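Undergrad: One structure coming up, written as structure tokens, with questions to follow.
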Amino acid sequence: MNEAMDWSLTTFSKLADAYHNQASFVPPGSLQATLAARYGAIMSFVDSDRLWPPHAQTKSKFVPFLCEVLSRLPDEDFTRLDDNILSIVLEDPATCRMLAVNVKAPSFPRLEKESGGDTIIFYHDCWRFTGAALVGLIAHEFAHSLVCGQDYQSDEIAADAKAESWGFKSELARLEAEKRILFQAPDRAS
């Protein structure tokens, strides 16, 4: 692929345009071929059985933001996440006060890889976020699949740093602002 490509500046709509406007022959390695290939890989990810449940009401809200995150990842990290994410769960009991969690899969020695794949669960409260905050949350949770710290705090810092390196700094800031609002204590005024 095009090593000079700055994926952080790409949008899903750019990828879709390149894919849909391909001529019958596009030279391999060209920018249009690179963008079209990423679009195809994202659509394969979205259309796979990784999003669960398959007919979740939240899927239609989630997919556009998932596509934006996948559009902006560097090639190497996109490939690693495509290989490592087993499933994304989009519905949960509404009583759980969490946003998301990335569950590392156990190792399966009979498989020729270290892990069976991560499962990322997006909890009920995250659906209250704006699109920018949801993009930040998705990028943050994806980053957990590639980096880890020594403890909870360093793990969160490492995930944020990885997501920032992908170009999601403003979305992470929006996520933090909206988390503060979402989890603030209710007023106790009488």
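Residue names in the structure tokens use chain letters A, B, ... in the order shown, residue numbers from 1 in each chain, and ligand numbers from 1 in the order shown.
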DSSP on the backbone: which residues in chain A end up as strand (DSSP E or B)? Give the answer as a list in words.

TA: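 Filtering chain A to strand (DSSP E or B) leaves Leu51, Trp52, Ile85, Leu86, Ser87, Ile88, Val89, Ala100, Val101, Asn102, Val103, Asp118, Thr119, Ile120, Ile121 and Phe122 of chain A.
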
Undergrad: Excluding Thr58 of chain A and any residue of its chain fewer than 5 positions from it, enumerate the residues within 10 Å of it, using only C-alpha atoms, and give them as number ranges by chain.

TA: A: 53, 63, 90-91, 122, 124, 127

Undergrad: Quick one: write out the picked residues with C-alpha atoms as a PDB file, in the first residue's frame?

TA:
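The result, written out as result_1.pdb:
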```
ATOM      1  CA  PRO A  53     -26.467  -9.061  17.819  1.00  0.00           C
ATOM      2  CA  VAL A  63     -21.781   1.607  11.976  1.00  0.00           C
ATOM      3  CA  LEU A  90     -23.779  -3.438  20.789  1.00  0.00           C
ATOM      4  CA  GLU A  91     -26.512  -4.179  23.313  1.00  0.00           C
ATOM      5  CA  PHE A 122     -20.427  -0.974  24.180  1.00  0.00           C
ATOM      6  CA  HIS A 124     -26.114   1.517  27.074  1.00  0.00           C
ATOM      7  CA  TRP A 127     -25.444   5.734  22.948  1.00  0.00           C
TER       8      TRP A 127
END
```

Undergrad: Just list as JSON, numbers by chain whatever in segment 40-189 of chain A DSSP marks as helix (DSSP H, G or I).

TA: {"A": [40, 41, 42, 43, 44, 45, 46, 47, 59, 60, 61, 62, 63, 64, 65, 66, 67, 68, 69, 70, 71, 72, 75, 76, 77, 78, 79, 80, 81, 82, 83, 84, 124, 125, 126, 127, 128, 131, 132, 133, 134, 135, 136, 137, 138, 139, 140, 141, 142, 143, 144, 152, 153, 154, 155, 156, 157, 158, 159, 160, 161, 162, 163, 164, 165, 169, 170, 171, 172, 173, 174, 175, 176, 177, 178, 179, 180, 181, 182]}

Undergrad: Report as a tab-separated table the residues of segment 32-96 of chain A within 12 Å of segment 10-16 of chain A, each with its shortest atom pair and distance in Å (one decimal), using only C-alpha atoms, ordered by chain and increasing residue number.

TA:
```
residue	atom	partner	partner_atom	distance
A:Gln32	CA	A:Leu15	CA	8.5
A:Ala33	CA	A:Leu15	CA	9.8
A:Thr34	CA	A:Leu15	CA	8.8
A:Leu35	CA	A:Leu15	CA	5.1
A:Ala36	CA	A:Leu15	CA	5.9
A:Ala37	CA	A:Leu15	CA	8.4
A:Arg38	CA	A:Leu15	CA	7.0
A:Tyr39	CA	A:Leu15	CA	5.3
A:Gly40	CA	A:Ala16	CA	8.8
A:Ala41	CA	A:Leu15	CA	10.6
A:Ile42	CA	A:Phe12	CA	9.1
A:Met43	CA	A:Ala16	CA	9.8
A:Val63	CA	A:Phe12	CA	11.1
A:Pro64	CA	A:Phe12	CA	8.4
A:Phe65	CA	A:Phe12	CA	9.3
A:Leu66	CA	A:Phe12	CA	9.6
A:Cys67	CA	A:Phe12	CA	6.1
A:Glu68	CA	A:Phe12	CA	5.3
A:Val69	CA	A:Phe12	CA	8.5
A:Leu70	CA	A:Phe12	CA	8.2
A:Ser71	CA	A:Phe12	CA	5.4
A:Arg72	CA	A:Thr10	CA	5.6
A:Leu73	CA	A:Thr10	CA	8.9
A:Pro74	CA	A:Thr10	CA	10.3
```

Undergrad: Rank A:Asn21, A:Gln153, A:Ser30, A:Ser145 by their smallest atom-to-atom distance to Asn84 of chain A, using only C-alpha atoms, and report the top residue only.

TA: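 Using only C-alpha atoms, the shortest distance to Asn84 of chain A belongs to A:Ser145.
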
Undergrad: Given only C-alpha atoms as the basis, pick out the residue of A:Val101, A:Cys148, A:Leu31, A:Ile120 nearest to Asp160 of chain A.

TA: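 The closest residue to Asp160 of chain A is A:Cys148.
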
Undergrad: Which is closer to Ala139 of chain A than all the others in A:Asp47, A:Val89, A:Ser8, A:Ser154, using only C-alpha atoms?

TA: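 That would be A:Ser8, the residue with the smallest distance to Ala139 of chain A.
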
Undergrad: Near Arg50 of chain A, within 8 Å and counting only C-alpha atoms, which residues show up once chain neighbours fewer than 5 positions away are dropped, as a list in words?

TA: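 Non-adjacent residues within range: Phe45, Ile85, Leu86, Ser87 and Ile88 of chain A.
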
Undergrad: List as a list in words the protein and nucleic acid residues near Ser170 of chain A, meaning an atom at most 9 Å away when only C-alpha atoms are counted, but skip any in the same chain fewer than 5 places from it.

TA: Ala132, Ala133, Gly136, Glu164 and Leu175 of chain A

Undergrad: So that I can see what lies close to Glu156 of chain A, please list as JSON, numbers by chain the residues with an atom at most 10 Å from it, counting only C-alpha atoms and leaving out residues fewer than 4 positions away in the same chain.

TA: {"A": [140, 141, 143, 144, 147, 148, 149, 151, 152, 160, 161, 162]}

Undergrad: How many Å separate atom CA of Glu176 of chain A from atom CA of Lys61 of chain A?

TA: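 Value for the atom CA of Glu176 of chain A-atom CA of Lys61 of chain A distance: 20.2 Å.
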
Undergrad: Quick one: of A:Pro54, A:Asp82, A:Lys179, A:Asp75, who's nearest to Trp166 of chain A, counting only C-alpha atoms?

TA: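 Among the listed residues, A:Asp75 lies closest to Trp166 of chain A.
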
Undergrad: Using only C-alpha atoms, pick whichever of A:Ala18, A:Ile121, A:Leu9, A:Ala163 has the shortest atom-to-atom distance to Val135 of chain A.

TA: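 The closest residue to Val135 of chain A is A:Ala163.
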
Undergrad: Would you compute the distance between atom CA of Met5 of chain A and atom CA of Leu172 of chain A? Give it in Å to one decimal.

TA: 22.7 Å
